[in-house]
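As stored in coords10.txt (compact mmCIF, C-alpha atoms):
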```txt
# COMPACT_ATOMS: atom_id res chain seq x y z
CA MET A 2 -39.31 28.74 -63.19
CA ASN A 3 -36.28 27.46 -64.89
CA ALA A 4 -33.99 29.19 -62.37
CA THR A 5 -35.99 27.84 -59.45
CA GLY A 6 -35.85 24.30 -60.83
CA SER A 7 -32.12 24.65 -61.34
CA ARG A 8 -31.65 25.83 -57.77
CA SER A 9 -33.81 23.04 -56.44
CA ARG A 10 -31.81 20.50 -58.43
CA ARG A 11 -28.50 21.94 -57.14
CA HIS A 12 -29.88 21.87 -53.61
CA VAL A 13 -30.83 18.18 -53.97
CA ILE A 14 -27.38 17.41 -55.43
CA ASP A 15 -25.71 19.27 -52.54
CA VAL A 16 -27.76 17.33 -49.99
CA LEU A 17 -27.07 13.99 -51.75
CA PHE A 18 -23.35 14.78 -51.98
CA THR A 19 -23.22 15.70 -48.27
CA LEU A 20 -25.17 12.57 -47.34
CA ALA A 21 -22.90 10.37 -49.49
CA LEU A 22 -19.81 11.98 -47.95
CA PHE A 23 -21.21 11.35 -44.47
CA CYS A 24 -21.92 7.68 -45.34
CA VAL A 25 -18.37 7.20 -46.67
CA PHE A 26 -16.97 8.79 -43.49
CA ALA A 27 -19.19 6.59 -41.27
CA ALA A 28 -18.20 3.42 -43.17
CA ALA A 29 -14.50 4.32 -42.99
CA SER A 30 -14.84 4.99 -39.26
CA LEU A 31 -16.47 1.60 -38.68
CA ILE A 32 -13.77 -0.16 -40.69
CA VAL A 33 -11.05 1.55 -38.64
CA VAL A 34 -12.82 0.57 -35.39
CA PHE A 35 -13.12 -3.08 -36.48
CA ILE A 36 -9.49 -3.25 -37.58
CA GLY A 37 -8.39 -1.63 -34.31
CA ALA A 38 -10.44 -4.10 -32.27
CA ASP A 39 -8.90 -7.03 -34.14
CA VAL A 40 -5.37 -5.70 -33.64
CA TYR A 41 -6.10 -5.10 -29.94
CA SER A 42 -7.48 -8.62 -29.37
CA SER A 43 -4.53 -10.27 -31.15
CA THR A 44 -2.12 -8.14 -29.10
CA VAL A 45 -3.85 -9.18 -25.88
CA ARG A 46 -3.67 -12.87 -26.90
CA ARG A 47 0.06 -12.58 -27.64
CA MET A 48 0.67 -10.76 -24.36
CA ASP A 49 -1.22 -13.45 -22.42
CA THR A 50 0.79 -16.30 -23.94
CA SER A 51 4.01 -14.36 -23.55
CA PHE A 52 3.05 -13.69 -19.93
CA GLU A 53 2.58 -17.41 -19.26
CA VAL A 54 5.97 -18.34 -20.67
CA ASN A 55 7.93 -15.40 -19.25
CA THR A 56 6.35 -15.65 -15.82
CA THR A 57 7.13 -19.35 -15.67
CA LEU A 58 10.76 -18.83 -16.66
CA MET A 59 11.26 -15.89 -14.28
CA PHE A 60 9.54 -17.64 -11.35
CA VAL A 61 11.68 -20.76 -11.68
CA SER A 62 14.95 -18.89 -12.26
CA THR A 63 14.29 -16.61 -9.27
CA ASN A 64 13.66 -19.62 -7.05
CA ILE A 65 16.87 -21.26 -8.25
CA ARG A 66 18.85 -18.11 -7.47
CA GLN A 67 17.25 -17.79 -4.03
CA HIS A 68 18.24 -21.35 -3.13
CA ASP A 69 21.66 -21.29 -4.79
CA SER A 70 23.96 -22.97 -2.30
CA GLN A 71 26.00 -26.16 -2.46
CA GLY A 72 23.68 -29.16 -2.83
CA ALA A 73 20.49 -27.14 -2.56
CA VAL A 74 19.42 -27.31 -6.22
CA ARG A 75 18.86 -30.60 -8.02
CA ILE A 76 16.71 -32.16 -10.72
CA ASP A 77 14.69 -35.19 -9.66
CA GLU A 78 11.64 -37.09 -10.90
CA LEU A 79 8.14 -37.06 -9.52
CA GLU A 80 6.04 -39.92 -10.89
CA GLY A 81 8.24 -40.05 -13.98
CA ARG A 82 8.25 -36.31 -14.66
CA PRO A 83 11.22 -33.99 -14.23
CA ALA A 84 11.00 -31.75 -11.20
CA LEU A 85 13.19 -29.03 -9.79
CA VAL A 86 13.97 -29.67 -6.13
CA LEU A 87 15.17 -26.82 -3.93
CA ARG A 88 16.40 -27.65 -0.43
CA GLN A 89 16.51 -25.27 2.50
CA TYR A 90 17.31 -25.50 6.17
CA LEU A 91 14.62 -23.99 8.41
CA ILE A 92 14.02 -24.26 12.16
CA GLY A 93 16.47 -27.14 12.51
CA ARG A 94 15.00 -29.24 9.68
CA ILE A 95 15.47 -29.68 5.96
CA PHE A 96 12.56 -28.77 3.70
CA GLU A 97 12.20 -29.19 -0.05
CA THR A 98 10.30 -27.20 -2.62
CA TRP A 99 9.33 -29.28 -5.64
CA ILE A 100 8.48 -27.37 -8.85
CA TYR A 101 7.00 -29.44 -11.67
CA HIS A 102 4.42 -29.55 -14.47
CA HIS A 103 1.10 -31.39 -14.17
CA ASN A 104 -2.20 -31.11 -16.09
CA GLY A 105 -1.21 -27.95 -17.96
CA GLU A 106 -0.09 -26.13 -14.82
CA LEU A 107 3.18 -25.26 -13.16
CA ARG A 108 2.91 -26.55 -9.60
CA GLU A 109 4.85 -26.12 -6.39
CA LEU A 110 4.96 -28.41 -3.40
CA PHE A 111 6.70 -27.54 -0.12
CA ILE A 112 7.40 -30.56 2.10
CA ASP A 113 9.55 -31.76 4.97
CA SER A 114 12.30 -33.83 3.35
CA GLU A 115 11.86 -36.61 5.93
CA ASN A 116 8.10 -36.95 5.38
CA ARG A 117 7.69 -37.55 1.67
CA TYR A 118 4.32 -39.27 1.97
CA ALA A 119 2.66 -36.13 0.54
CA LEU A 120 4.82 -36.28 -2.57
CA SER A 121 2.44 -36.74 -5.52
CA LEU A 122 1.62 -34.80 -8.69
CA ASP A 123 -1.80 -33.69 -7.41
CA ALA A 124 -0.48 -32.48 -4.04
CA GLY A 125 1.22 -29.33 -5.34
CA GLN A 126 -0.25 -25.84 -5.41
CA SER A 127 -1.16 -24.62 -8.89
CA LEU A 128 0.86 -21.52 -9.84
CA ILE A 129 0.28 -20.68 -13.50
CA ASN A 130 -1.19 -22.31 -16.59
CA VAL A 131 1.51 -23.37 -19.01
CA TYR A 132 1.16 -25.96 -21.77
CA SER A 133 4.61 -27.50 -21.39
CA PHE A 134 7.41 -27.18 -18.84
CA HIS A 135 10.71 -29.00 -18.60
CA VAL A 136 13.79 -28.49 -16.46
CA GLU A 137 17.14 -30.25 -16.73
CA MET A 138 20.73 -30.00 -15.55
CA VAL A 139 22.61 -29.38 -18.80
CA GLN A 140 26.05 -29.30 -17.22
CA ASP A 141 27.33 -29.29 -13.71
CA GLY A 142 26.02 -26.00 -12.35
CA LEU A 143 23.89 -25.06 -15.39
CA VAL A 144 20.11 -25.51 -15.27
CA ALA A 145 18.00 -25.25 -18.44
CA ILE A 146 14.35 -24.25 -18.11
CA TYR A 147 11.89 -24.67 -21.00
CA ALA A 148 8.29 -23.43 -21.11
CA GLU A 149 5.68 -23.37 -23.87
CA SER A 150 2.21 -21.85 -24.05
CA GLU A 151 -0.78 -23.50 -25.68
CA ASP A 152 -0.42 -21.50 -28.91
CA GLY A 153 3.20 -22.62 -29.37
CA THR A 154 4.99 -19.59 -27.92
CA SER A 155 8.04 -20.99 -26.18
CA GLY A 156 10.95 -19.79 -24.17
CA ARG A 157 14.17 -21.15 -22.74
CA MET A 158 16.40 -19.87 -19.98
CA LEU A 159 19.74 -21.05 -18.69
CA VAL A 160 20.54 -20.42 -15.05
CA SER A 161 24.07 -20.78 -13.78
CA LEU A 162 24.49 -21.92 -10.21
CA ARG A 163 27.02 -19.71 -8.48
CA SER A 164 27.51 -21.94 -5.45
CA SER A 165 30.92 -23.56 -5.17
CA ALA A 166 32.46 -26.38 -3.18
CA GLU A 167 33.65 -23.87 -0.59
CA THR A 168 30.10 -22.75 0.22
CA PRO A 169 29.17 -24.24 3.59
CA THR A 170 25.94 -26.18 3.67
CA PRO A 171 23.97 -27.18 6.77
CA TYR A 172 22.60 -30.35 5.14
```
Let's see the structure in the file written out as C-alpha cells.
Amino acid sequence: MNATGSRSRRHVIDVLFTLALFCVFAAASLIVVFIGADVYSSTVRRMDTSFEVNTTLMFVSTNIRQHDSQGAVRIDELEGRPALVLRQYLIGRIFETWIYHHNGELRELFIDSENRYALSLDAGQSLINVYSFHVEMVQDGLVAIYAESEDGTSGRMLVSLRSSAETPTPY
C-alpha cells in the first residue's frame, strides 16, 4: 500500500508539474502576442504619419519638376495662405494649378488663369490629410517645402528649379 500511495503521489506531482508547465507556456505565449500586437500597431501608426508627410513632399516636388520652366513656378497667397502656383500652356491658353493647405488637407485647384473667380480655399480638391504644410521660395530658383503630420512627424524638402533664362516660355 505504501508503494501504491507513493506512485499515486508521484503521478499527481507529474500531472501538476505538466499542468503548471503548460500554464507558464500559455501565459508566455499570450504575453508575446500582446507585445507583438502593440509593436505592430505602433509601427502602423508611424508608417501612416510618415506616409502623410513623405507623400505630401514627393507630390509637391514632382509637380514642381514637371512644371519647371521659366516663369512657370511661383509662390503666391490664397486668402492669406502661401500657395504653390504652377503655370502651363494648354490648348492655346494659360492654366494654373494651385497647391495649398486648408482645414488639415493638402488641396489642389486647377483653373484658367484668366478666370480666377473660382479661386478660394474651399474650391480645391482634397489630396491628402496633413496637419501642416508650407511652401516658400528660399532663394531664386530654390523652393522649400515643409509638411507635418498630426503627431509631430515633420519633413522638409528643397527643390531646385533647373529652368534658366534661356528656356523659352509661351506665356
Do you have the CA of Leu107 in chain A-CA of Gly93 in chain A distance handy?
29.0 Å
Mind checking which residues fall within 8 Å of Ile129 in chain A, counting all atoms listed in the file, ignoring those fewer than 6 positions away in the same chain, and posting them as a list of chain:residue names?
A:Glu53, A:Thr57, A:Glu106, A:Leu107, A:Arg108
Could you pull the residues within 8 Å of Asp69 in chain A, counting all atoms listed in the file, minus those fewer than 3 positions along the same chain, as a PyMOL selection string?
chain A and resi 65-66+73-74+162-164
Kindly indicate which residue among A:Glu78, A:Gln71, A:Leu110, A:Thr56 lies nearest to Met158 in chain A, using all atoms listed in the file for the distances.
A:Thr56
For each of A:Phe134, A:Tyr41, A:Tyr90, A:Trp99, take the minimum atom-to-atom distance to Leu122 in chain A, counting only C-alpha atoms, then give the residue where this is smallest.
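Once distances to Leu122 in chain A are computed over only C-alpha atoms, the minimum belongs to A:Trp99.
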Test item: which residues lie within 8 Å of (17.6, -26.4, -17.2) counting only C-alpha atoms, as a list in words:
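Output: His135, Val136, Glu137, Met138, Val139, Leu143, Val144, Ala145, Ile146, Tyr147, Met158, Leu159 and Val160 of chain A.
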May I have the residues within 12 Å of Glu80 in chain A as a compact mmCIF listing (two decimals) with C-alpha atoms, keeping the file's coordinate frame, using only C-alpha atoms and disregarding those fewer than 4 positions away in the same chain?
```
# COMPACT_ATOMS: atom_id res chain seq x y z
CA ALA A 84 11.00 -31.75 -11.20
CA TYR A 101 7.00 -29.44 -11.67
CA HIS A 102 4.42 -29.55 -14.47
CA HIS A 103 1.10 -31.39 -14.17
CA LEU A 120 4.82 -36.28 -2.57
CA SER A 121 2.44 -36.74 -5.52
CA LEU A 122 1.62 -34.80 -8.69
CA ASP A 123 -1.80 -33.69 -7.41
```
Point-to-point distance from CA of Arg157 in chain A to CA of Met59 in chain A, Å rounded to tenths:
10.4 Å
If you count all atoms listed in the file, which residues fall within 12 Å of Ser114 in chain A, apart from same-chain ones fewer than 2 positions away, as a count of residues only?
21
